[in-house]
$ cat query.txt   # compact mmCIF, C-alpha atoms
# COMPACT_ATOMS: atom_id res chain seq x y z
CA MET A 1 112.37 210.73 60.75
CA ARG A 2 113.32 212.45 64.00
CA VAL A 3 114.56 211.38 67.42
CA GLN A 4 111.58 211.40 69.76
CA ILE A 5 112.57 209.68 73.03
CA ILE A 6 115.90 208.98 74.76
CA GLU A 7 115.96 206.60 77.73
CA THR A 8 118.91 205.66 79.95
CA PHE A 9 119.58 202.40 81.78
CA PRO A 10 122.56 202.45 84.20
CA LEU A 11 123.47 198.82 84.90
CA THR A 12 125.72 197.07 87.41
CA ALA A 13 126.15 193.32 87.78
CA ARG A 14 128.33 190.99 89.79
CA ILE A 15 130.59 188.50 88.02
CA THR A 16 130.95 185.06 89.56
CA ASP A 17 134.62 184.62 88.59
CA PRO A 18 136.48 187.80 89.71
CA GLN A 19 139.02 188.98 87.15
CA GLY A 20 142.47 190.05 88.28
CA THR A 21 144.40 192.90 86.65
CA SER A 22 147.38 194.90 87.85
CA GLN A 23 144.96 197.61 89.00
CA ALA A 24 142.38 195.58 90.94
CA ASP A 25 140.36 192.39 91.25
CA TRP A 26 137.07 193.10 89.50
CA SER A 27 134.04 191.45 91.09
CA GLN A 28 131.39 193.63 89.42
CA VAL A 29 130.92 195.40 86.10
CA SER A 30 128.90 198.44 85.02
CA CYS A 31 127.80 200.17 81.85
CA LEU A 32 125.22 202.63 80.59
CA LEU A 33 122.69 201.55 77.99
CA VAL A 34 120.86 204.19 75.97
CA LYS A 35 117.65 203.53 74.05
CA ILE A 36 116.62 205.99 71.35
CA THR A 37 113.17 205.86 69.73
CA THR A 38 112.27 207.80 66.59
CA ASP A 39 108.90 209.28 65.69
CA ASP A 40 108.29 206.42 63.26
CA GLY A 41 108.98 203.74 65.88
CA LEU A 42 112.57 202.68 65.12
CA ILE A 43 114.67 201.85 68.19
CA GLY A 44 118.43 202.10 68.55
CA TRP A 45 120.60 200.86 71.41
CA GLY A 46 123.93 202.29 72.51
CA GLU A 47 126.45 201.67 75.28
CA GLY A 48 128.80 203.90 77.25
CA LEU A 49 131.74 202.42 79.15
CA SER A 50 130.84 204.04 82.53
CA ARG A 51 132.85 201.46 84.42
CA LYS A 52 131.92 203.04 87.77
CA ALA A 53 128.94 205.17 88.89
CA PRO A 54 126.82 204.56 85.76
CA ARG A 55 123.97 206.65 87.16
CA ALA A 56 126.19 209.71 86.87
CA PHE A 57 126.62 208.98 83.17
CA ALA A 58 122.87 208.52 82.78
CA HIS A 59 122.40 211.97 84.31
CA LEU A 60 124.76 213.45 81.71
CA VAL A 61 122.66 211.95 78.93
CA ASP A 62 119.33 212.92 80.47
CA GLU A 63 120.27 216.50 81.36
CA LEU A 64 122.82 217.53 78.74
CA LEU A 65 122.77 215.29 75.66
CA ALA A 66 119.10 214.42 75.22
CA PRO A 67 118.05 218.06 74.69
CA ILE A 68 120.60 218.29 71.85
CA VAL A 69 119.51 215.08 70.12
CA ILE A 70 115.73 215.03 70.59
CA GLY A 71 114.08 216.36 67.44
CA ALA A 72 117.19 215.80 65.34
CA ASP A 73 117.69 213.63 62.26
CA PRO A 74 119.43 210.45 63.54
CA PHE A 75 121.48 210.30 60.33
CA ALA A 76 123.16 213.61 61.24
CA VAL A 77 125.82 211.95 63.39
CA GLU A 78 128.64 214.24 62.20
CA ALA A 79 126.62 217.32 63.13
CA LEU A 80 125.41 215.98 66.47
CA TRP A 81 128.73 214.60 67.73
CA PRO A 82 130.58 217.92 68.22
CA LYS A 83 127.49 219.54 69.70
CA MET A 84 127.35 216.81 72.35
CA ALA A 85 131.10 216.65 72.93
CA ARG A 86 131.39 220.44 73.36
CA VAL A 87 128.49 220.82 75.76
CA PHE A 88 130.97 221.52 78.60
CA THR A 89 132.83 224.08 76.39
CA GLY A 90 136.13 222.44 77.37
CA ARG A 91 138.53 219.91 75.89
CA PHE A 92 137.17 216.60 74.64
CA GLY A 93 137.48 213.70 77.05
CA GLY A 94 136.37 212.02 80.23
CA ALA A 95 132.99 210.81 81.37
CA LEU A 96 131.15 213.08 78.96
CA ILE A 97 132.64 211.34 75.91
CA GLU A 98 131.69 207.92 77.28
CA ALA A 99 128.13 209.23 77.60
CA VAL A 100 128.33 210.62 74.06
CA ALA A 101 129.48 207.17 72.90
CA ALA A 102 126.26 205.58 74.17
CA VAL A 103 124.10 208.09 72.28
CA ASP A 104 126.20 207.90 69.12
CA ILE A 105 126.10 204.09 68.94
CA ALA A 106 122.32 204.20 69.37
CA LEU A 107 122.03 206.69 66.51
CA TRP A 108 124.07 204.41 64.24
CA ASP A 109 121.86 201.48 65.25
CA ILE A 110 118.87 203.49 64.01
CA VAL A 111 120.70 204.27 60.77
CA GLY A 112 121.21 200.55 60.18
CA LYS A 113 117.59 199.73 60.91
CA ALA A 114 116.31 202.58 58.74
CA LEU A 115 118.40 201.33 55.82
CA ASP A 116 117.68 197.67 56.65
CA ALA A 117 121.38 196.83 56.48
CA PRO A 118 124.03 195.73 58.98
CA LEU A 119 126.33 198.49 60.15
CA TYR A 120 129.52 196.97 58.69
CA LYS A 121 128.02 197.23 55.20
CA ILE A 122 126.96 200.82 55.75
CA LEU A 123 130.47 201.69 56.94
CA GLY A 124 131.95 199.99 53.87
CA HIS A 125 133.16 196.51 54.64
CA THR A 126 136.40 194.79 53.65
CA GLY A 127 134.82 191.69 52.13
CA ARG A 128 136.04 189.46 54.92
CA GLY A 129 133.62 186.81 56.13
CA SER A 130 135.27 186.46 59.53
CA ILE A 131 137.57 188.25 61.98
CA PRO A 132 140.45 186.58 63.86
CA ALA A 133 139.84 186.62 67.61
CA TYR A 134 142.03 186.32 70.69
CA ALA A 135 141.11 184.98 74.13
CA SER A 136 141.03 187.74 76.71
CA ALA A 137 142.38 187.33 79.17
CA ILE A 138 144.39 185.04 81.40
CA GLY A 139 143.88 186.93 84.67
CA TRP A 140 146.49 188.24 87.08
CA ASN A 141 145.50 185.56 89.59
CA ASP A 142 147.18 182.49 91.05
CA ASP A 143 149.08 180.14 88.76
CA ASP A 144 146.50 177.38 89.09
CA VAL A 145 143.75 179.75 87.92
CA ALA A 146 145.91 180.88 85.02
CA ILE A 147 146.63 177.31 83.97
CA ARG A 148 142.92 176.49 84.01
CA GLN A 149 142.14 179.54 81.87
CA ILE A 150 144.91 178.68 79.38
CA GLU A 151 143.69 175.11 78.98
CA GLN A 152 140.09 176.25 78.63
CA SER A 153 140.99 178.81 75.96
CA LEU A 154 142.85 176.19 73.96
CA GLU A 155 139.99 173.73 74.35
CA TRP A 156 137.58 176.36 72.98
CA GLY A 157 139.74 176.69 69.87
CA PHE A 158 141.55 180.00 70.37
CA ARG A 159 144.80 180.42 68.47
CA GLU A 160 145.61 183.77 70.10
CA ILE A 161 145.67 184.43 73.85
CA LYS A 162 146.34 187.52 75.97
CA VAL A 163 147.65 187.38 79.53
CA LYS A 164 147.33 190.03 82.25
CA ILE A 165 150.47 190.88 84.24
CA GLY A 166 151.47 193.25 87.04
CA GLN A 167 153.99 193.84 89.79
CA PRO A 168 156.51 192.57 90.70
CA VAL A 169 158.54 192.32 87.52
CA ASP A 170 159.99 188.87 88.20
CA LYS A 171 156.51 187.46 88.83
CA ALA A 172 155.23 189.06 85.62
CA ILE A 173 158.03 187.51 83.60
CA ALA A 174 157.46 184.14 85.26
CA ARG A 175 153.75 184.31 84.33
CA CYS A 176 154.55 185.08 80.70
CA ARG A 177 156.97 182.16 80.61
CA LEU A 178 154.35 179.87 82.15
CA VAL A 179 151.74 180.84 79.56
CA ARG A 180 154.17 180.22 76.70
CA GLU A 181 155.11 176.81 78.09
CA ARG A 182 151.47 175.80 78.57
CA ALA A 183 150.18 177.24 75.30
CA GLY A 184 153.00 175.88 73.17
CA PRO A 185 154.86 177.43 70.23
CA GLY A 186 151.95 177.51 67.78
CA ILE A 187 149.79 179.97 69.75
CA SER A 188 150.13 183.75 69.34
CA LEU A 189 150.54 185.40 72.73
CA SER A 190 150.27 188.99 73.93
CA THR A 191 150.32 190.60 77.36
CA ASP A 192 148.58 193.53 79.06
CA ALA A 193 150.07 195.33 82.07
CA ASN A 194 147.38 198.02 82.53
CA TRP A 195 150.26 200.51 83.04
CA ALA A 196 151.76 198.70 86.03
CA PHE A 197 155.42 199.40 85.26
CA SER A 198 157.97 202.17 85.10
CA LEU A 199 159.90 202.75 81.90
CA SER A 200 162.95 200.79 83.06
CA GLU A 201 160.80 197.92 84.33
CA SER A 202 158.95 197.85 81.02
CA VAL A 203 162.23 197.45 79.14
CA GLU A 204 163.10 194.45 81.31
CA VAL A 205 159.70 192.83 80.75
CA ALA A 206 159.75 193.60 77.01
CA ARG A 207 163.08 191.84 76.56
CA ALA A 208 161.67 188.73 78.22
CA LEU A 209 158.59 188.90 76.00
CA GLY A 210 160.82 189.04 72.95
CA GLU A 211 162.58 185.91 74.17
CA PHE A 212 159.24 184.14 74.68
CA GLY A 213 157.93 185.13 71.25
CA TYR A 214 155.07 187.42 72.32
CA ILE A 215 153.52 189.57 69.58
CA TRP A 216 152.60 192.67 71.60
CA PHE A 217 153.07 194.35 75.00
CA GLU A 218 149.95 196.34 75.92
CA GLU A 219 149.86 199.47 78.08
CA PRO A 220 153.11 198.86 79.98
CA ILE A 221 153.29 202.48 81.22
CA GLU A 222 150.81 205.26 81.96
CA PRO A 223 148.73 206.15 78.89
CA GLU A 224 149.58 209.86 79.05
CA ASP A 225 153.32 209.24 78.75
CA VAL A 226 153.77 209.47 74.98
CA GLU A 227 157.48 210.28 75.30
CA GLY A 228 157.88 207.21 77.51
CA TYR A 229 156.31 205.07 74.80
CA ARG A 230 158.72 206.52 72.26
CA GLN A 231 161.70 205.68 74.45
CA LEU A 232 160.41 202.21 75.24
CA ALA A 233 159.74 201.43 71.59
CA ALA A 234 163.38 202.19 70.81
CA LYS A 235 164.51 199.55 73.31
CA ALA A 236 161.77 196.91 73.21
CA PRO A 237 162.11 193.84 70.93
CA VAL A 238 158.33 193.44 70.92
CA ARG A 239 155.56 195.63 69.46
CA LEU A 240 153.79 198.01 71.84
CA ALA A 241 150.00 198.37 71.98
CA ALA A 242 147.85 201.06 73.59
CA GLY A 243 144.84 203.28 73.01
CA GLU A 244 142.03 201.88 75.16
CA SER A 245 142.43 204.92 77.43
CA GLU A 246 141.92 207.43 74.61
CA PHE A 247 138.62 209.26 74.22
CA THR A 248 139.07 210.99 70.85
CA ALA A 249 141.07 210.99 67.64
CA SER A 250 142.78 214.23 68.64
CA GLY A 251 143.76 212.62 71.94
CA ALA A 252 145.20 209.56 70.19
CA ARG A 253 146.90 211.59 67.45
CA ASP A 254 150.32 212.10 69.05
CA LEU A 255 150.63 208.48 70.20
CA ILE A 256 149.73 207.14 66.76
CA ALA A 257 151.84 209.64 64.85
CA SER A 258 154.86 208.89 67.03
CA ARG A 259 154.85 205.30 65.68
CA ALA A 260 155.78 204.25 69.23
CA ILE A 261 152.91 201.76 69.09
CA GLY A 262 152.19 199.22 66.39
CA LEU A 263 148.65 198.45 67.52
CA VAL A 264 145.92 200.87 68.63
CA GLN A 265 142.99 199.64 70.73
CA PRO A 266 140.17 202.17 71.09
CA ASP A 267 137.02 201.10 72.93
CA VAL A 268 133.95 202.25 70.99
CA ALA A 269 132.01 202.66 74.25
CA ARG A 270 134.67 205.08 75.53
CA SER A 271 136.06 206.77 72.43
CA GLY A 272 132.94 208.64 71.40
CA GLY A 273 131.04 205.83 69.70
CA ILE A 274 131.12 204.78 66.06
CA THR A 275 131.60 208.32 64.72
CA GLU A 276 134.80 209.12 66.61
CA THR A 277 136.26 205.62 66.82
CA ARG A 278 136.23 205.43 63.00
CA LYS A 279 138.45 208.51 62.94
CA ILE A 280 140.95 206.84 65.28
CA ILE A 281 140.97 203.73 63.08
CA HIS A 282 141.53 205.74 59.90
CA LEU A 283 144.23 207.85 61.56
CA ALA A 284 145.99 204.64 62.57
CA GLU A 285 145.71 203.21 59.06
CA ALA A 286 147.27 206.38 57.63
CA HIS A 287 150.27 205.81 59.92
CA HIS A 288 150.47 202.06 59.16
CA VAL A 289 149.37 201.16 62.69
CA ALA A 290 147.14 198.11 63.15
CA TYR A 291 143.77 198.22 64.93
CA ALA A 292 142.26 195.82 67.44
CA PRO A 293 139.10 196.87 69.31
CA HIS A 294 139.14 196.92 73.11
CA ILE A 295 136.20 195.14 74.74
CA GLY A 296 137.28 194.41 78.33
CA PHE A 297 134.47 194.54 80.87
CA SER A 298 132.05 196.16 78.41
CA GLY A 299 128.64 194.78 77.53
CA ALA A 300 126.90 193.23 74.54
CA VAL A 301 126.22 196.44 72.63
CA CYS A 302 129.89 197.43 72.77
CA ALA A 303 130.89 193.92 71.64
CA ALA A 304 128.51 194.05 68.67
CA ALA A 305 129.47 197.59 67.63
CA SER A 306 133.16 196.66 67.89
CA LEU A 307 132.67 193.63 65.66
CA HIS A 308 131.05 195.77 62.97
CA LEU A 309 133.90 198.29 63.17
CA ALA A 310 136.40 195.44 62.93
CA ALA A 311 134.68 194.08 59.82
CA SER A 312 134.83 197.52 58.19
CA ALA A 313 138.49 198.31 59.01
CA ARG A 314 141.23 197.32 56.58
CA ASN A 315 143.85 197.59 59.35
CA CYS A 316 141.95 195.40 61.83
CA GLU A 317 144.28 192.67 63.02
CA THR A 318 142.24 190.79 65.62
CA TYR A 319 139.19 191.00 67.88
CA GLU A 320 139.18 190.85 71.69
CA CYS A 321 136.90 187.97 72.70
CA MET A 322 136.35 187.85 76.45
CA ILE A 323 136.52 184.41 78.07
CA PHE A 324 134.89 185.15 81.45
CA GLY A 325 131.19 185.40 82.14
CA ASN A 326 129.69 188.89 82.19
CA PRO A 327 125.92 189.43 82.70
CA LEU A 328 126.13 192.70 80.76
CA ARG A 329 127.05 190.60 77.71
CA ASP A 330 125.39 187.28 78.48
CA ALA A 331 122.14 188.14 80.24
CA ILE A 332 120.77 191.14 78.32
CA THR A 333 120.67 189.64 74.82
CA LYS A 334 118.48 186.89 73.41
CA THR A 335 121.35 185.36 71.43
CA PRO A 336 125.11 185.38 72.05
CA VAL A 337 126.94 188.42 70.68
CA ALA A 338 130.55 188.10 69.55
CA ASP A 339 131.56 185.66 72.28
CA ARG A 340 133.44 182.37 72.29
CA ARG A 341 130.34 180.49 71.11
CA SER A 342 130.74 182.31 67.79
CA LEU A 343 134.30 181.01 67.38
CA ILE A 344 135.02 178.83 64.33
CA ASP A 345 138.63 177.81 63.68
CA GLY A 346 139.88 180.76 65.72
$ encode --input "query.txt" --output "structure tokens"
Amino acid sequence: MRVQIIETFPLTARITDPQGTSQADWSQVSCLLVKITTDDGLIGWGEGLSRKAPRAFAHLVDELLAPIVIGADPFAVEALWPKMARVFTGRFGGALIEAVAAVDIALWDIVGKALDAPLYKILGHTGRGSIPAYASAIGWNDDDVAIRQIEQSLEWGFREIKVKIGQPVDKAIARCRLVRERAGPGISLSTDANWAFSLSESVEVARALGEFGYIWFEEPIEPEDVEGYRQLAAKAPVRLAAGESEFTASGARDLIASRAIGLVQPDVARSGGITETRKIIHLAEAHHVAYAPHIGFSGAVCAAASLHLAASARNCETYECMIFGNPLRDAITKTPVADRRSLIDG
């Protein structure tokens, strides 16, 4: 069996309920889908994050990655990954690795179909029949929108909820207090700042989160600032989470090894696909750091691949289940994939 055809589908869609984060209000979403066909007719689908300008990512696949993969054995993921990732002859990272992720996930999809087995079994599953999920996310919007999203998440049966926060600090703290009051004491809460704060501001917010009983504080400062995470961890009464901005295991190594974070959150559609994301997960497990996949604005293929990784990871703590409508998840599949309609008792 050999790879015969690689096709790219850059997609952009508008979302009817714009989602607020500390960085922007998102009214549209994008991704790159890759379809790989083998000479015996098997088809694999992959997804690259490509949050903006997905046609540029498609060009990377068409011009640089397809010539490497066409004619190759789709099972040879460990051989193909470094060839694709080193095509620029520079350091791993950036848009290229998100394009590699789309190809890699498609190759693994073919592996599963060739073996007639779900990916989580091929990866070596944990024996769990379900994965805990958290509602993501209460947007950084007006209070009345936040209250509606909290009530809806509880009505759907979520026992874990994440809330987006941003500047200013006092408003962020007030939002976290509001969510705790509305959700009640029996719901696990976390918060995501999308690196909106300075180190000193993060300490102030973290102390409030500790008071409110939050279980993690996600990306409070810029993702490159590993030393800042170390310093914040020494002062924060709540666990820190990060990792969605990492592209590779080598890139995530220092952050994980520092033990500044207690939860790592790679996105399989950004961090090089199944092949490389597994390395991040195993690196985290070796340092006693928990894993929770990042989904965010990604599409259905990313959601499905992430669920299989979660089922195969001993250190997986919870799964990010998005609560807002996204055509890249909802409109391109025949059946729902890892969304709230799959939720049973949390």
$ closest_residue --input "query.txt" --among "A:Ile6, A:Ala101, A:Ala117, A:Val145" --to "Glu63 of chain A" --atoms "all atoms listed in the file"
A:Ile6
$ atom_distance --input "query.txt" --atom1 "atom CA of Leu255 of chain A" --atom2 "atom CA of Arg230 of chain A"
8.6 Å
$ residues_around --input "query.txt" --residues "Thr8 of chain A" --least-positions-apart "4" --cutoff "12 Å" --atoms "all atoms listed in the file" --output "ChimeraX atom specification"
/A:31-37,44-48,54-63,65-66,99,102-103,106
$ residues_around --input "query.txt" --residues "Asp39 of chain A" --least-positions-apart "4" --cutoff "10 Å" --atoms "all atoms listed in the file" --output "PDB file with C-alpha atoms, keeping the file's coordinate frame"
ATOM      1  CA  MET A   1     112.370 210.730  60.750  1.00  0.00           C
ATOM      2  CA  ARG A   2     113.320 212.450  64.000  1.00  0.00           C
ATOM      3  CA  VAL A   3     114.560 211.380  67.420  1.00  0.00           C
ATOM      4  CA  GLN A   4     111.580 211.400  69.760  1.00  0.00           C
ATOM      5  CA  ILE A   5     112.570 209.680  73.030  1.00  0.00           C
ATOM      6  CA  ILE A  43     114.670 201.850  68.190  1.00  0.00           C
ATOM      7  CA  GLY A  71     114.080 216.360  67.440  1.00  0.00           C
TER       8      GLY A  71
END
$ closest_residue --input "query.txt" --among "A:Phe217, A:Phe247, A:Phe75, A:Trp26" --to "Glu276 of chain A" --atoms "only C-alpha atoms"
A:Phe247
$ residues_near_point --input "query.txt" --point "(163.7, 202.9, 83.2)" --cutoff "12 Å" --atoms "all atoms listed in the file" --output "list in words"
Phe197, Ser198, Leu199, Ser200, Glu201, Ser202, Val203, Glu204, Val205, Ala206, Pro220, Ile221, Gly228, Tyr229, Gln231, Leu232, Lys235 and Ala236 of chain A
$ residues_around --input "query.txt" --residues "Ala146 of chain A" --least-positions-apart "5" --cutoff "9 Å" --atoms "only C-alpha atoms" --output "PyMOL selection string"
chain A and resi 138-141+151+163+175+178-179
$ residues_around --input "query.txt" --residues "Thr333 of chain A" --least-positions-apart "5" --cutoff "12 Å" --atoms "only C-alpha atoms" --output "compact mmCIF listing (two decimals) with C-alpha atoms, keeping the file's coordinate frame"
# COMPACT_ATOMS: atom_id res chain seq x y z
CA TRP A 45 120.60 200.86 71.41
CA GLY A 299 128.64 194.78 77.53
CA ALA A 300 126.90 193.23 74.54
CA VAL A 301 126.22 196.44 72.63
CA ALA A 303 130.89 193.92 71.64
CA ALA A 304 128.51 194.05 68.67
CA ASN A 326 129.69 188.89 82.19
CA PRO A 327 125.92 189.43 82.70
CA LEU A 328 126.13 192.70 80.76
CA ALA A 338 130.55 188.10 69.55
CA ASP A 339 131.56 185.66 72.28
$ closest_residue --input "query.txt" --among "A:Ala331, A:Ile161, A:Val238, A:Phe297" --to "Ser30 of chain A" --atoms "only C-alpha atoms"
A:Phe297
$ closest_residue --input "query.txt" --among "A:Cys316, A:Ala269, A:Ala234, A:Ala310" --to "His288 of chain A" --atoms "only C-alpha atoms"
A:Cys316
$ atom_distance --input "query.txt" --atom1 "atom CA of Pro132 of chain A" --atom2 "atom CA of Arg159 of chain A"
8.8 Å
$ closest_residue --input "query.txt" --among "A:Pro10, A:Gly210, A:Pro336, A:Gly243" --to "Arg180 of chain A" --atoms "all atoms listed in the file"
A:Gly210
$ closest_residue --input "query.txt" --among "A:Gly129, A:Pro237, A:Gly90, A:Pro82" --to "Leu307 of chain A" --atoms "only C-alpha atoms"
A:Gly129
$ atom_distance --input "query.txt" --atom1 "atom CA of Ile256 of chain A" --atom2 "atom CA of Leu283 of chain A"
7.6 Å
$ residues_near_point --input "query.txt" --point "(135.5, 199.4, 77.6)" --cutoff "6 Å" --atoms "all atoms listed in the file" --output "ChimeraX atom specification"
/A:49,267,269,295-298
$ axis_aligned_box --input "query.txt" --around "segment 45-48 of chain A" --padding-each-side "5 Å" --output "AutoDock Vina command-line options"
--center_x 124.7 --center_y 202.4 --center_z 74.3 --size_x 18.2 --size_y 13.0 --size_z 15.8
$ build_atoms --input "query.txt" --residues "segment 263-272 of chain A" --atoms "all heavy atoms" --output "PDB file, in the coordinates of the input"
ATOM      1  N   LEU A 263     150.038 198.911  67.441  1.00  0.00           N
ATOM      2  CA  LEU A 263     148.650 198.450  67.520  1.00  0.00           C
ATOM      3  C   LEU A 263     147.869 199.426  68.385  1.00  0.00           C
ATOM      4  O   LEU A 263     148.264 199.702  69.526  1.00  0.00           O
ATOM      5  CB  LEU A 263     148.589 197.052  68.130  1.00  0.00           C
ATOM      6  CG  LEU A 263     147.226 196.365  68.178  1.00  0.00           C
ATOM      7  CD1 LEU A 263     146.792 195.920  66.789  1.00  0.00           C
ATOM      8  CD2 LEU A 263     147.253 195.165  69.119  1.00  0.00           C
ATOM      9  N   VAL A 264     146.763 199.955  67.857  1.00  0.00           N
ATOM     10  CA  VAL A 264     145.920 200.870  68.630  1.00  0.00           C
ATOM     11  C   VAL A 264     144.618 200.175  68.970  1.00  0.00           C
ATOM     12  O   VAL A 264     144.074 199.424  68.162  1.00  0.00           O
ATOM     13  CB  VAL A 264     145.673 202.187  67.862  1.00  0.00           C
ATOM     14  CG1 VAL A 264     144.777 201.974  66.649  1.00  0.00           C
ATOM     15  CG2 VAL A 264     145.098 203.250  68.784  1.00  0.00           C
ATOM     16  N   GLN A 265     144.106 200.426  70.203  1.00  0.00           N
ATOM     17  CA  GLN A 265     142.990 199.640  70.730  1.00  0.00           C
ATOM     18  C   GLN A 265     141.885 200.522  71.320  1.00  0.00           C
ATOM     19  O   GLN A 265     141.570 200.417  72.502  1.00  0.00           O
ATOM     20  CB  GLN A 265     143.508 198.677  71.796  1.00  0.00           C
ATOM     21  CG  GLN A 265     144.589 197.731  71.302  1.00  0.00           C
ATOM     22  CD  GLN A 265     145.337 197.101  72.465  1.00  0.00           C
ATOM     23  OE1 GLN A 265     145.982 197.776  73.242  1.00  0.00           O
ATOM     24  NE2 GLN A 265     145.253 195.788  72.572  1.00  0.00           N
ATOM     25  N   PRO A 266     141.258 201.363  70.540  1.00  0.00           N
ATOM     26  CA  PRO A 266     140.170 202.170  71.090  1.00  0.00           C
ATOM     27  C   PRO A 266     138.975 201.312  71.473  1.00  0.00           C
ATOM     28  O   PRO A 266     138.706 200.284  70.855  1.00  0.00           O
ATOM     29  CB  PRO A 266     139.827 203.118  69.944  1.00  0.00           C
ATOM     30  CG  PRO A 266     140.223 202.367  68.709  1.00  0.00           C
ATOM     31  CD  PRO A 266     141.456 201.594  69.100  1.00  0.00           C
ATOM     32  N   ASP A 267     138.254 201.750  72.503  1.00  0.00           N
ATOM     33  CA  ASP A 267     137.020 201.100  72.930  1.00  0.00           C
ATOM     34  C   ASP A 267     135.873 201.971  72.467  1.00  0.00           C
ATOM     35  O   ASP A 267     135.735 203.118  72.886  1.00  0.00           O
ATOM     36  CB  ASP A 267     137.015 200.969  74.455  1.00  0.00           C
ATOM     37  CG  ASP A 267     135.851 200.139  74.975  1.00  0.00           C
ATOM     38  OD1 ASP A 267     134.710 200.376  74.523  1.00  0.00           O
ATOM     39  OD2 ASP A 267     136.068 199.267  75.833  1.00  0.00           O
ATOM     40  N   VAL A 268     135.021 201.450  71.601  1.00  0.00           N
ATOM     41  CA  VAL A 268     133.950 202.250  70.990  1.00  0.00           C
ATOM     42  C   VAL A 268     133.003 202.824  72.037  1.00  0.00           C
ATOM     43  O   VAL A 268     132.388 203.879  71.821  1.00  0.00           O
ATOM     44  CB  VAL A 268     133.183 201.409  69.953  1.00  0.00           C
ATOM     45  CG1 VAL A 268     132.375 200.304  70.623  1.00  0.00           C
ATOM     46  CG2 VAL A 268     132.290 202.280  69.089  1.00  0.00           C
ATOM     47  N   ALA A 269     132.883 202.166  73.193  1.00  0.00           N
ATOM     48  CA  ALA A 269     132.010 202.660  74.250  1.00  0.00           C
ATOM     49  C   ALA A 269     132.681 203.747  75.092  1.00  0.00           C
ATOM     50  O   ALA A 269     132.037 204.347  75.941  1.00  0.00           O
ATOM     51  CB  ALA A 269     131.561 201.519  75.153  1.00  0.00           C
ATOM     52  N   ARG A 270     133.962 203.975  74.873  1.00  0.00           N
ATOM     53  CA  ARG A 270     134.670 205.080  75.530  1.00  0.00           C
ATOM     54  C   ARG A 270     135.022 206.181  74.540  1.00  0.00           C
ATOM     55  O   ARG A 270     134.875 207.365  74.838  1.00  0.00           O
ATOM     56  CB  ARG A 270     135.952 204.571  76.203  1.00  0.00           C
ATOM     57  CG  ARG A 270     136.946 205.683  76.567  1.00  0.00           C
ATOM     58  CD  ARG A 270     138.101 205.190  77.386  1.00  0.00           C
ATOM     59  NE  ARG A 270     137.708 205.021  78.781  1.00  0.00           N
ATOM     60  CZ  ARG A 270     138.403 204.315  79.662  1.00  0.00           C
ATOM     61  NH1 ARG A 270     139.492 203.669  79.280  1.00  0.00           N
ATOM     62  NH2 ARG A 270     137.993 204.225  80.911  1.00  0.00           N
ATOM     63  N   SER A 271     135.483 205.797  73.364  1.00  0.00           N
ATOM     64  CA  SER A 271     136.060 206.770  72.430  1.00  0.00           C
ATOM     65  C   SER A 271     135.009 207.394  71.520  1.00  0.00           C
ATOM     66  O   SER A 271     135.167 207.448  70.302  1.00  0.00           O
ATOM     67  CB  SER A 271     137.174 206.116  71.607  1.00  0.00           C
ATOM     68  OG  SER A 271     136.723 204.944  70.962  1.00  0.00           O
ATOM     69  N   GLY A 272     133.915 207.832  72.126  1.00  0.00           N
ATOM     70  CA  GLY A 272     132.940 208.640  71.400  1.00  0.00           C
ATOM     71  C   GLY A 272     132.006 207.914  70.477  1.00  0.00           C
ATOM     72  O   GLY A 272     131.315 208.551  69.679  1.00  0.00           O
TER      73      GLY A 272
END
